[in-house]
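Below: run.cif (mmCIF, N, CA and C atoms)
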data_structure
#
loop_
_atom_site.label_atom_id
_atom_site.label_comp_id
_atom_site.auth_asym_id
_atom_site.auth_seq_id
_atom_site.Cartn_x
_atom_site.Cartn_y
_atom_site.Cartn_z
N MET A 1 0.82 -1.19 0.00
CA MET A 1 0.00 0.00 0.00
C MET A 1 0.87 1.26 0.00
N LYS A 2 1.95 1.24 0.77
CA LYS A 2 2.84 2.40 0.82
C LYS A 2 3.52 2.61 -0.53
N THR A 3 3.82 1.54 -1.23
CA THR A 3 4.47 1.66 -2.53
C THR A 3 3.52 2.30 -3.54
N LEU A 4 2.27 1.91 -3.52
CA LEU A 4 1.29 2.50 -4.43
C LEU A 4 1.11 3.98 -4.14
N ARG A 5 1.05 4.36 -2.86
CA ARG A 5 0.91 5.76 -2.47
C ARG A 5 2.13 6.56 -2.93
N LEU A 6 3.32 6.01 -2.74
CA LEU A 6 4.56 6.69 -3.15
C LEU A 6 4.59 6.85 -4.68
N PHE A 7 4.20 5.81 -5.39
CA PHE A 7 4.16 5.87 -6.85
C PHE A 7 3.17 6.93 -7.33
N THR A 8 2.00 7.01 -6.71
CA THR A 8 0.99 8.00 -7.08
C THR A 8 1.49 9.42 -6.83
N ILE A 9 2.13 9.64 -5.70
CA ILE A 9 2.67 10.97 -5.39
C ILE A 9 3.76 11.35 -6.39
N MET A 10 4.62 10.42 -6.75
CA MET A 10 5.70 10.70 -7.70
C MET A 10 5.11 11.04 -9.09
N MET A 11 4.07 10.32 -9.49
CA MET A 11 3.43 10.61 -10.77
C MET A 11 2.80 12.00 -10.77
N LEU A 12 2.18 12.40 -9.68
CA LEU A 12 1.59 13.73 -9.58
C LEU A 12 2.67 14.81 -9.66
N ILE A 13 3.78 14.58 -9.02
CA ILE A 13 4.88 15.55 -9.06
C ILE A 13 5.41 15.68 -10.49
N VAL A 14 5.56 14.56 -11.15
CA VAL A 14 6.05 14.59 -12.53
C VAL A 14 5.06 15.33 -13.43
N LEU A 15 3.78 15.08 -13.26
CA LEU A 15 2.77 15.78 -14.07
C LEU A 15 2.76 17.27 -13.82
N VAL A 16 2.87 17.67 -12.56
CA VAL A 16 2.88 19.10 -12.22
C VAL A 16 4.12 19.77 -12.80
N LEU A 17 5.26 19.13 -12.71
CA LEU A 17 6.49 19.71 -13.24
C LEU A 17 6.48 19.75 -14.77
N SER A 18 5.85 18.78 -15.40
CA SER A 18 5.83 18.78 -16.86
C SER A 18 4.90 19.85 -17.42
N MET A 19 3.97 20.33 -16.60
CA MET A 19 3.05 21.38 -17.07
C MET A 19 3.72 22.75 -17.08
N SER A 20 4.72 22.93 -16.29
CA SER A 20 5.40 24.23 -16.29
C SER A 20 6.37 24.26 -17.47
N THR A 21 6.18 25.23 -18.34
CA THR A 21 7.02 25.35 -19.54
C THR A 21 7.86 26.61 -19.44
N PRO A 22 8.97 26.62 -20.13
CA PRO A 22 9.79 27.84 -20.12
C PRO A 22 9.09 28.95 -20.89
N ALA A 23 9.50 30.16 -20.65
CA ALA A 23 8.92 31.32 -21.32
C ALA A 23 9.21 31.24 -22.81
N PRO A 24 8.26 31.61 -23.66
CA PRO A 24 8.50 31.54 -25.10
C PRO A 24 9.58 32.53 -25.53
N VAL A 25 10.34 32.13 -26.52
CA VAL A 25 11.39 32.97 -27.07
C VAL A 25 11.03 33.27 -28.51
N TYR A 26 11.05 34.52 -28.87
CA TYR A 26 10.70 34.93 -30.21
C TYR A 26 11.94 35.41 -30.94
N ALA A 27 12.07 34.98 -32.18
CA ALA A 27 13.20 35.43 -32.99
C ALA A 27 12.94 36.84 -33.46
N LYS A 28 13.97 37.63 -33.47
CA LYS A 28 13.84 38.98 -33.98
C LYS A 28 15.01 39.27 -34.90
N GLN A 29 14.80 40.19 -35.79
CA GLN A 29 15.84 40.53 -36.74
C GLN A 29 16.97 41.22 -36.01
N SER A 30 18.17 40.76 -36.29
CA SER A 30 19.30 41.37 -35.62
C SER A 30 19.65 42.69 -36.30
N GLY A 31 20.16 43.59 -35.53
CA GLY A 31 20.54 44.90 -36.05
C GLY A 31 21.90 44.85 -36.69
N SER A 32 22.69 45.86 -36.46
CA SER A 32 24.00 45.92 -37.07
C SER A 32 25.03 45.09 -36.31
N THR A 33 24.62 44.40 -35.26
CA THR A 33 25.56 43.61 -34.48
C THR A 33 25.82 42.25 -35.10
N SER A 34 25.04 41.85 -36.09
CA SER A 34 25.22 40.54 -36.71
C SER A 34 26.46 40.55 -37.60
N THR A 35 27.21 39.46 -37.59
CA THR A 35 28.42 39.39 -38.39
C THR A 35 28.26 38.54 -39.62
N SER A 36 27.37 37.54 -39.58
CA SER A 36 27.25 36.68 -40.76
C SER A 36 25.78 36.33 -40.99
N THR A 37 25.05 37.23 -41.59
CA THR A 37 23.66 36.95 -41.93
C THR A 37 23.52 37.02 -43.44
N THR A 38 22.64 36.20 -43.96
CA THR A 38 22.37 36.19 -45.38
C THR A 38 20.88 36.43 -45.57
N ASN A 39 20.56 37.47 -46.28
CA ASN A 39 19.18 37.78 -46.57
C ASN A 39 18.92 37.50 -48.04
N LEU A 40 17.85 36.79 -48.32
CA LEU A 40 17.47 36.49 -49.69
C LEU A 40 16.19 37.23 -50.01
N VAL A 41 16.28 38.18 -50.91
CA VAL A 41 15.12 38.95 -51.32
C VAL A 41 14.96 38.76 -52.82
N VAL A 42 13.81 38.26 -53.23
CA VAL A 42 13.54 38.04 -54.64
C VAL A 42 12.37 38.92 -55.04
N ASP A 43 12.60 39.77 -56.03
CA ASP A 43 11.53 40.61 -56.57
C ASP A 43 10.93 39.86 -57.75
N LEU A 44 9.75 39.26 -57.53
CA LEU A 44 9.14 38.43 -58.56
C LEU A 44 8.75 39.20 -59.80
N ALA A 45 8.60 40.51 -59.68
CA ALA A 45 8.27 41.31 -60.86
C ALA A 45 9.47 41.42 -61.79
N LYS A 46 10.68 41.31 -61.27
CA LYS A 46 11.88 41.46 -62.09
C LYS A 46 12.46 40.12 -62.55
N VAL A 47 12.18 39.03 -61.83
CA VAL A 47 12.74 37.73 -62.16
C VAL A 47 11.89 37.06 -63.23
N LYS A 48 12.53 36.59 -64.30
CA LYS A 48 11.81 35.87 -65.34
C LYS A 48 11.78 34.40 -64.96
N LEU A 49 10.64 33.94 -64.51
CA LEU A 49 10.49 32.54 -64.15
C LEU A 49 10.17 31.72 -65.39
N ALA A 50 10.56 30.45 -65.35
CA ALA A 50 10.37 29.57 -66.49
C ALA A 50 9.29 28.54 -66.19
N ARG A 51 8.67 28.05 -67.25
CA ARG A 51 7.70 26.96 -67.16
C ARG A 51 8.37 25.69 -67.65
N LEU A 52 7.86 24.55 -67.21
CA LEU A 52 8.38 23.26 -67.66
C LEU A 52 7.28 22.52 -68.40
N ARG A 53 7.60 22.02 -69.59
CA ARG A 53 6.65 21.23 -70.37
C ARG A 53 7.26 19.85 -70.63
N VAL A 54 6.53 18.81 -70.23
CA VAL A 54 6.98 17.44 -70.46
C VAL A 54 5.90 16.70 -71.23
N ASN A 55 6.32 15.68 -71.98
CA ASN A 55 5.41 14.85 -72.74
C ASN A 55 5.57 13.42 -72.22
N ASN A 56 4.62 12.98 -71.40
CA ASN A 56 4.68 11.68 -70.75
C ASN A 56 3.96 10.64 -71.60
N LYS A 57 4.74 9.71 -72.16
CA LYS A 57 4.17 8.59 -72.92
C LYS A 57 4.66 7.27 -72.34
N THR A 58 4.94 7.26 -71.03
CA THR A 58 5.53 6.09 -70.39
C THR A 58 4.50 5.08 -69.92
N GLY A 59 3.26 5.49 -69.75
CA GLY A 59 2.25 4.60 -69.19
C GLY A 59 2.25 4.62 -67.67
N GLY A 60 3.08 5.45 -67.08
CA GLY A 60 3.16 5.59 -65.63
C GLY A 60 3.39 7.04 -65.26
N THR A 61 3.89 7.26 -64.07
CA THR A 61 4.18 8.62 -63.59
C THR A 61 5.60 9.01 -63.97
N LEU A 62 5.76 10.22 -64.48
CA LEU A 62 7.05 10.75 -64.87
C LEU A 62 7.54 11.69 -63.77
N TYR A 63 8.75 11.45 -63.28
CA TYR A 63 9.33 12.26 -62.20
C TYR A 63 10.49 13.07 -62.78
N VAL A 64 10.45 14.38 -62.58
CA VAL A 64 11.48 15.28 -63.08
C VAL A 64 12.07 16.03 -61.89
N ARG A 65 13.42 16.02 -61.79
CA ARG A 65 14.09 16.70 -60.68
C ARG A 65 15.14 17.65 -61.24
N PHE A 66 15.06 18.91 -60.83
CA PHE A 66 16.03 19.93 -61.20
C PHE A 66 16.99 20.10 -60.03
N SER A 67 18.29 20.07 -60.30
CA SER A 67 19.30 20.30 -59.27
C SER A 67 20.23 21.40 -59.75
N GLY A 68 20.45 22.37 -58.90
CA GLY A 68 21.32 23.49 -59.24
C GLY A 68 21.40 24.42 -58.05
N GLU A 69 21.34 25.72 -58.33
CA GLU A 69 21.32 26.69 -57.23
C GLU A 69 20.12 26.44 -56.33
N ARG A 70 19.04 26.03 -56.93
CA ARG A 70 17.81 25.64 -56.23
C ARG A 70 17.43 24.26 -56.71
N SER A 71 16.59 23.60 -55.97
CA SER A 71 16.12 22.27 -56.37
C SER A 71 14.61 22.30 -56.55
N TYR A 72 14.15 21.61 -57.58
CA TYR A 72 12.73 21.51 -57.87
C TYR A 72 12.41 20.06 -58.21
N SER A 73 11.22 19.62 -57.85
CA SER A 73 10.76 18.27 -58.20
C SER A 73 9.36 18.37 -58.78
N PHE A 74 9.12 17.60 -59.83
CA PHE A 74 7.82 17.58 -60.50
C PHE A 74 7.42 16.13 -60.73
N ALA A 75 6.12 15.88 -60.77
CA ALA A 75 5.60 14.56 -61.10
C ALA A 75 4.42 14.76 -62.06
N ALA A 76 4.47 14.07 -63.19
CA ALA A 76 3.40 14.14 -64.18
C ALA A 76 2.78 12.75 -64.28
N SER A 77 1.62 12.57 -63.68
CA SER A 77 0.98 11.26 -63.71
C SER A 77 0.07 11.09 -64.92
N SER A 78 -0.41 12.18 -65.50
CA SER A 78 -1.27 12.07 -66.67
C SER A 78 -0.42 11.87 -67.92
N GLN A 79 -0.97 11.13 -68.86
CA GLN A 79 -0.29 10.88 -70.12
C GLN A 79 -0.47 12.06 -71.04
N GLY A 80 0.52 12.31 -71.89
CA GLY A 80 0.46 13.44 -72.81
C GLY A 80 1.25 14.62 -72.27
N LYS A 81 0.99 15.80 -72.82
CA LYS A 81 1.74 16.99 -72.44
C LYS A 81 1.21 17.58 -71.14
N THR A 82 2.15 17.94 -70.28
CA THR A 82 1.83 18.61 -69.02
C THR A 82 2.74 19.83 -68.92
N THR A 83 2.17 20.98 -68.58
CA THR A 83 2.95 22.20 -68.39
C THR A 83 2.83 22.63 -66.95
N PHE A 84 3.97 22.79 -66.29
CA PHE A 84 4.00 23.27 -64.91
C PHE A 84 4.16 24.79 -64.94
N ALA A 85 3.47 25.47 -64.06
CA ALA A 85 3.43 26.93 -64.03
C ALA A 85 4.82 27.54 -63.89
N SER A 86 4.88 28.85 -64.06
CA SER A 86 6.14 29.59 -63.98
C SER A 86 6.69 29.54 -62.56
N ILE A 87 7.65 28.65 -62.35
CA ILE A 87 8.20 28.51 -61.01
C ILE A 87 9.71 28.33 -60.98
N ILE A 88 10.34 28.06 -62.08
CA ILE A 88 11.78 27.78 -62.08
C ILE A 88 12.55 29.07 -62.29
N GLN A 89 13.46 29.36 -61.35
CA GLN A 89 14.28 30.56 -61.48
C GLN A 89 15.43 30.32 -62.44
N PRO A 90 15.91 31.38 -63.10
CA PRO A 90 17.03 31.23 -64.04
C PRO A 90 18.28 30.67 -63.35
N GLY A 91 19.05 29.93 -64.12
CA GLY A 91 20.29 29.35 -63.62
C GLY A 91 20.65 28.11 -64.40
N LYS A 92 21.75 27.46 -64.02
CA LYS A 92 22.19 26.22 -64.66
C LYS A 92 21.69 25.05 -63.81
N TYR A 93 21.06 24.08 -64.47
CA TYR A 93 20.45 22.96 -63.76
C TYR A 93 20.85 21.63 -64.40
N THR A 94 20.91 20.62 -63.57
CA THR A 94 21.00 19.25 -64.02
C THR A 94 19.60 18.66 -63.85
N ILE A 95 19.04 18.14 -64.92
CA ILE A 95 17.67 17.64 -64.90
C ILE A 95 17.74 16.12 -64.96
N THR A 96 17.13 15.46 -63.99
CA THR A 96 17.08 14.00 -63.93
C THR A 96 15.63 13.56 -64.09
N VAL A 97 15.40 12.65 -65.05
CA VAL A 97 14.05 12.18 -65.34
C VAL A 97 13.99 10.67 -65.10
N THR A 98 13.01 10.24 -64.31
CA THR A 98 12.74 8.83 -64.09
C THR A 98 11.25 8.60 -64.29
N ALA A 99 10.87 7.34 -64.49
CA ALA A 99 9.46 7.01 -64.68
C ALA A 99 9.14 5.76 -63.87
N SER A 100 7.92 5.70 -63.38
CA SER A 100 7.51 4.55 -62.57
C SER A 100 7.36 3.29 -63.43
N ALA A 101 7.13 3.45 -64.73
CA ALA A 101 6.92 2.30 -65.60
C ALA A 101 8.21 1.84 -66.30
N CYS A 102 9.32 2.56 -66.11
CA CYS A 102 10.58 2.24 -66.79
C CYS A 102 11.70 2.07 -65.77
N ASN A 103 12.73 1.38 -66.19
CA ASN A 103 13.95 1.30 -65.39
C ASN A 103 14.92 2.37 -65.87
N GLY A 104 15.81 2.79 -65.00
CA GLY A 104 16.83 3.73 -65.38
C GLY A 104 16.39 5.18 -65.26
N GLN A 105 17.28 6.06 -65.72
CA GLN A 105 17.00 7.49 -65.66
C GLN A 105 17.72 8.19 -66.80
N LEU A 106 17.25 9.37 -67.14
CA LEU A 106 17.88 10.22 -68.15
C LEU A 106 18.35 11.49 -67.45
N THR A 107 19.49 12.01 -67.89
CA THR A 107 20.04 13.22 -67.28
C THR A 107 20.35 14.23 -68.38
N PHE A 108 19.93 15.46 -68.15
CA PHE A 108 20.17 16.57 -69.07
C PHE A 108 20.82 17.71 -68.29
N ARG A 109 21.55 18.55 -69.01
CA ARG A 109 22.06 19.78 -68.42
C ARG A 109 21.48 20.92 -69.26
N ARG A 110 20.85 21.87 -68.57
CA ARG A 110 20.23 22.99 -69.27
C ARG A 110 20.50 24.29 -68.53
N LYS A 111 20.62 25.36 -69.31
CA LYS A 111 20.69 26.70 -68.74
C LYS A 111 19.31 27.31 -68.90
N VAL A 112 18.71 27.67 -67.79
CA VAL A 112 17.35 28.20 -67.78
C VAL A 112 17.44 29.72 -67.76
N LYS A 113 16.79 30.37 -68.73
CA LYS A 113 16.77 31.83 -68.78
C LYS A 113 15.38 32.37 -68.50
N GLY A 114 14.37 31.65 -68.84
CA GLY A 114 12.99 32.08 -68.72
C GLY A 114 12.20 31.43 -69.84
N GLY A 115 10.93 31.76 -69.96
CA GLY A 115 10.12 31.17 -71.01
C GLY A 115 9.68 29.76 -70.65
N THR A 116 9.68 28.88 -71.64
CA THR A 116 9.24 27.50 -71.44
C THR A 116 10.37 26.54 -71.75
N ILE A 117 10.63 25.63 -70.85
CA ILE A 117 11.62 24.58 -71.05
C ILE A 117 10.84 23.35 -71.49
N SER A 118 11.11 22.86 -72.69
CA SER A 118 10.44 21.66 -73.18
C SER A 118 11.42 20.51 -73.20
N LEU A 119 11.04 19.43 -72.59
CA LEU A 119 11.85 18.22 -72.62
C LEU A 119 11.27 17.29 -73.67
N PRO A 120 12.09 16.41 -74.25
CA PRO A 120 11.57 15.51 -75.29
C PRO A 120 10.52 14.55 -74.72
N ALA A 121 9.76 13.93 -75.61
CA ALA A 121 8.75 12.95 -75.17
C ALA A 121 9.47 11.75 -74.57
N PHE A 122 8.93 11.21 -73.50
CA PHE A 122 9.51 10.06 -72.83
C PHE A 122 8.62 8.85 -73.05
N VAL A 123 9.25 7.77 -73.58
CA VAL A 123 8.54 6.53 -73.88
C VAL A 123 9.34 5.39 -73.27
N CYS A 124 8.65 4.43 -72.65
CA CYS A 124 9.32 3.24 -72.11
C CYS A 124 9.45 2.21 -73.22
N LYS A 125 10.68 1.76 -73.45
CA LYS A 125 10.91 0.71 -74.45
C LYS A 125 11.10 -0.60 -73.70
N ARG A 126 10.45 -1.61 -74.18
CA ARG A 126 10.50 -2.91 -73.49
C ARG A 126 11.29 -3.90 -74.27
#

Is it possible to express this structure as structure tokens?
Amino acid sequence: MKTLRLFTIMMLIVLVLSMSTPAPVYAKQSGSTSTSTTNLVVDLAKVKLARLRVNNKTGGTLYVRFSGERSYSFAASSQGKTTFASIIQPGKYTITVTASACNGQLTFRRKVKGGTISLPAFVCKR
């Protein structure tokens, strides 16, 4: 009986202590005292974003991955042409394409300036 009472008291103490939380801390912008901060400001009105157009004839889902200064991933599950909205920023990218219905992958290197990037039609050969 004493063990059960001691266990109950210990559990109550643990519960009471776990309810007390430290004071919240809010991040604030540092002033001129910061030595190594990087701010990224993108003016979307000035940046020419690119669209991606793929032609999926694989019979499965087509996965496209852009690697470069930024990374982007796309998946086209519908067959035929698919155009992804203007989201890719200019730069040099390595494009890797895989498909759920095919083995292997294709790799391209492209310099993106803006406009529409069209990749060739992808077909699974058996």

*Output the residue selection produced by the PyMOL selection byres (((chain A and resi 88 and name CA) around 6) and name CA) on the file above, formatted as a VMD selection string.*
chain A and resid 49 to 50 87 89

*asked:* Under the rule that all atoms listed in the file are counted, which of A:Val112, A:Ser77, A:Leu106, A:Lys57 is the nearest residue to Tyr93 (chain A)?
replied: A:Val112

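The point (5.7, 24.6, -63.5) has these residues within 8 Å of it when only N, CA and C atoms are used: A:Ala50, A:Arg51, A:Leu52, A:Arg53, A:Phe74, A:Thr82, A:Thr83, A:Phe84, A:Ala85, A:Ser86, A:Ile87, A:Ile88.
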
Please produce a file of the residues just selected, as an mmCIF file, keeping the file's coordinate frame, where the atoms kept are N, CA and C atoms.
data_model
loop_
_atom_site.group_PDB
_atom_site.id
_atom_site.type_symbol
_atom_site.label_atom_id
_atom_site.label_comp_id
_atom_site.auth_asym_id
_atom_site.auth_seq_id
_atom_site.Cartn_x
_atom_site.Cartn_y
_atom_site.Cartn_z
ATOM 1 N N ALA A 50 10.560 30.450 -65.350
ATOM 2 C CA ALA A 50 10.370 29.570 -66.490
ATOM 3 C C ALA A 50 9.290 28.540 -66.190
ATOM 4 N N ARG A 51 8.670 28.050 -67.250
ATOM 5 C CA ARG A 51 7.700 26.960 -67.160
ATOM 6 C C ARG A 51 8.370 25.690 -67.650
ATOM 7 N N LEU A 52 7.860 24.550 -67.210
ATOM 8 C CA LEU A 52 8.380 23.260 -67.660
ATOM 9 C C LEU A 52 7.280 22.520 -68.400
ATOM 10 N N ARG A 53 7.600 22.020 -69.590
ATOM 11 C CA ARG A 53 6.650 21.230 -70.370
ATOM 12 C C ARG A 53 7.260 19.850 -70.630
ATOM 13 N N PHE A 74 9.120 17.600 -59.830
ATOM 14 C CA PHE A 74 7.820 17.580 -60.500
ATOM 15 C C PHE A 74 7.420 16.130 -60.730
ATOM 16 N N THR A 82 2.150 17.940 -70.280
ATOM 17 C CA THR A 82 1.830 18.610 -69.020
ATOM 18 C C THR A 82 2.740 19.830 -68.920
ATOM 19 N N THR A 83 2.170 20.980 -68.580
ATOM 20 C CA THR A 83 2.950 22.200 -68.390
ATOM 21 C C THR A 83 2.830 22.630 -66.950
ATOM 22 N N PHE A 84 3.970 22.790 -66.290
ATOM 23 C CA PHE A 84 4.000 23.270 -64.910
ATOM 24 C C PHE A 84 4.160 24.790 -64.940
ATOM 25 N N ALA A 85 3.470 25.470 -64.060
ATOM 26 C CA ALA A 85 3.430 26.930 -64.030
ATOM 27 C C ALA A 85 4.820 27.540 -63.890
ATOM 28 N N SER A 86 4.880 28.850 -64.060
ATOM 29 C CA SER A 86 6.140 29.590 -63.980
ATOM 30 C C SER A 86 6.690 29.540 -62.560
ATOM 31 N N ILE A 87 7.650 28.650 -62.350
ATOM 32 C CA ILE A 87 8.200 28.510 -61.010
ATOM 33 C C ILE A 87 9.710 28.330 -60.980
ATOM 34 N N ILE A 88 10.340 28.060 -62.080
ATOM 35 C CA ILE A 88 11.780 27.780 -62.080
ATOM 36 C C ILE A 88 12.550 29.070 -62.290
#

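Neighbourhood of point (1.3, 10.0, -69.1): residues with an atom at most 5 Å away, counting all atoms listed in the file, are Asn56, Lys57, Thr58, Gly59, Ser77, Ser78, Gln79 and Gly80 of chain A.
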
If you count only C-alpha atoms, which residues fall within 7 Å of Pro120 (chain A), apart from same-chain ones fewer than 2 positions away, as a PDB file with N, CA and C atoms, in the coordinates of the input?
ATOM      1  N   VAL A  54       6.530  18.810 -70.230  1.00  0.00           N
ATOM      2  CA  VAL A  54       6.980  17.440 -70.460  1.00  0.00           C
ATOM      3  C   VAL A  54       5.900  16.700 -71.230  1.00  0.00           C
ATOM      4  N   ASN A  55       6.320  15.680 -71.980  1.00  0.00           N
ATOM      5  CA  ASN A  55       5.410  14.850 -72.740  1.00  0.00           C
ATOM      6  C   ASN A  55       5.570  13.420 -72.220  1.00  0.00           C
ATOM      7  N   SER A 118      11.110  22.860 -72.690  1.00  0.00           N
ATOM      8  CA  SER A 118      10.440  21.660 -73.180  1.00  0.00           C
ATOM      9  C   SER A 118      11.420  20.510 -73.200  1.00  0.00           C
ATOM     10  N   PHE A 122       8.930  11.210 -73.500  1.00  0.00           N
ATOM     11  CA  PHE A 122       9.510  10.060 -72.830  1.00  0.00           C
ATOM     12  C   PHE A 122       8.620   8.850 -73.050  1.00  0.00           C
TER      13      PHE A 122
END

*Pairwise distance for CA of Ser71 (chain A) and CA of Ala121 (chain A), rounded to one decimal in Å*: 22.2 Å

*asked:* I'd like the residues picked by the PyMOL selection byres ((chain A and resi 100) around 6.5) written out as a PyMOL selection string, using the chain letters and numbers from the file.
replied: chain A and resi 60-63+98-99+101-103

*Which residues fall under the PyMOL selection byres ((chain A and resi 91) around 8) in this file, as a ChimeraX atom specification?*
/A:68-70,88-90,92-94,110-114

*Expressed in Å to a single decimal, how great is the separation between atom C of Gly115 (chain A) and atom N of Phe66 (chain A)?*
15.6 Å

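Computed from the coordinates, the CA of Arg109 (chain A) to CA of Val64 (chain A) distance equals 12.7 Å.
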
*If you run DSSP on this backbone, which residues of region 47-108 of chain A come out as strand (DSSP E or B), and could you give them as number ranges by chain?*
A: 50-57, 62-68, 71-76, 80-88, 91-99, 106-108

Take every atom of region 97-112 of chain A listed in the file, fit an axis-aligned box around them, add 4 Å per side, and give the centre and edge lengths in Å to one decimal as AutoDock Vina command-line options.
--center_x 14.5 --center_y 15.5 --center_z -65.9 --size_x 23.1 --size_y 36.4 --size_z 14.7

With the input short on atoms, add N, CA, C and O atoms back to region 66-82 of chain A and write it as an mmCIF file, keeping the file's coordinate frame.
data_model
loop_
_atom_site.group_PDB
_atom_site.id
_atom_site.type_symbol
_atom_site.label_atom_id
_atom_site.label_comp_id
_atom_site.auth_asym_id
_atom_site.auth_seq_id
_atom_site.Cartn_x
_atom_site.Cartn_y
_atom_site.Cartn_z
ATOM 1 N N PHE A 66 15.060 18.910 -60.830
ATOM 2 C CA PHE A 66 16.030 19.930 -61.200
ATOM 3 C C PHE A 66 16.990 20.100 -60.030
ATOM 4 O O PHE A 66 16.566 20.301 -58.895
ATOM 5 N N SER A 67 18.290 20.070 -60.300
ATOM 6 C CA SER A 67 19.300 20.300 -59.270
ATOM 7 C C SER A 67 20.230 21.400 -59.750
ATOM 8 O O SER A 67 20.716 21.359 -60.872
ATOM 9 N N GLY A 68 20.450 22.370 -58.900
ATOM 10 C CA GLY A 68 21.320 23.490 -59.240
ATOM 11 C C GLY A 68 21.400 24.420 -58.050
ATOM 12 O O GLY A 68 21.508 23.967 -56.914
ATOM 13 N N GLU A 69 21.340 25.720 -58.330
ATOM 14 C CA GLU A 69 21.320 26.690 -57.230
ATOM 15 C C GLU A 69 20.120 26.440 -56.330
ATOM 16 O O GLU A 69 20.167 26.642 -55.132
ATOM 17 N N ARG A 70 19.040 26.030 -56.930
ATOM 18 C CA ARG A 70 17.810 25.640 -56.230
ATOM 19 C C ARG A 70 17.430 24.260 -56.710
ATOM 20 O O ARG A 70 17.856 23.831 -57.782
ATOM 21 N N SER A 71 16.590 23.600 -55.970
ATOM 22 C CA SER A 71 16.120 22.270 -56.370
ATOM 23 C C SER A 71 14.610 22.300 -56.550
ATOM 24 O O SER A 71 13.896 22.931 -55.766
ATOM 25 N N TYR A 72 14.150 21.610 -57.580
ATOM 26 C CA TYR A 72 12.730 21.510 -57.870
ATOM 27 C C TYR A 72 12.410 20.060 -58.210
ATOM 28 O O TYR A 72 13.226 19.369 -58.808
ATOM 29 N N SER A 73 11.220 19.620 -57.850
ATOM 30 C CA SER A 73 10.760 18.270 -58.200
ATOM 31 C C SER A 73 9.360 18.370 -58.780
ATOM 32 O O SER A 73 8.516 19.114 -58.274
ATOM 33 N N PHE A 74 9.120 17.600 -59.830
ATOM 34 C CA PHE A 74 7.820 17.580 -60.500
ATOM 35 C C PHE A 74 7.420 16.130 -60.730
ATOM 36 O O PHE A 74 8.273 15.261 -60.895
ATOM 37 N N ALA A 75 6.120 15.880 -60.770
ATOM 38 C CA ALA A 75 5.600 14.560 -61.100
ATOM 39 C C ALA A 75 4.420 14.760 -62.060
ATOM 40 O O ALA A 75 3.506 15.522 -61.773
ATOM 41 N N ALA A 76 4.470 14.070 -63.190
ATOM 42 C CA ALA A 76 3.400 14.140 -64.180
ATOM 43 C C ALA A 76 2.780 12.750 -64.280
ATOM 44 O O ALA A 76 3.356 11.845 -64.875
ATOM 45 N N SER A 77 1.620 12.570 -63.680
ATOM 46 C CA SER A 77 0.980 11.260 -63.710
ATOM 47 C C SER A 77 0.070 11.090 -64.920
ATOM 48 O O SER A 77 -0.185 9.977 -65.348
ATOM 49 N N SER A 78 -0.410 12.180 -65.500
ATOM 50 C CA SER A 78 -1.270 12.070 -66.670
ATOM 51 C C SER A 78 -0.420 11.870 -67.920
ATOM 52 O O SER A 78 0.690 12.371 -68.026
ATOM 53 N N GLN A 79 -0.970 11.130 -68.860
ATOM 54 C CA GLN A 79 -0.290 10.880 -70.120
ATOM 55 C C GLN A 79 -0.470 12.060 -71.040
ATOM 56 O O GLN A 79 -1.486 12.754 -71.001
ATOM 57 N N GLY A 80 0.520 12.310 -71.890
ATOM 58 C CA GLY A 80 0.460 13.440 -72.810
ATOM 59 C C GLY A 80 1.250 14.620 -72.270
ATOM 60 O O GLY A 80 2.075 14.483 -71.362
ATOM 61 N N LYS A 81 0.990 15.800 -72.820
ATOM 62 C CA LYS A 81 1.740 16.990 -72.440
ATOM 63 C C LYS A 81 1.210 17.580 -71.140
ATOM 64 O O LYS A 81 0.007 17.715 -70.961
ATOM 65 N N THR A 82 2.150 17.940 -70.280
ATOM 66 C CA THR A 82 1.830 18.610 -69.020
ATOM 67 C C THR A 82 2.740 19.830 -68.920
ATOM 68 O O THR A 82 3.945 19.722 -69.145
#
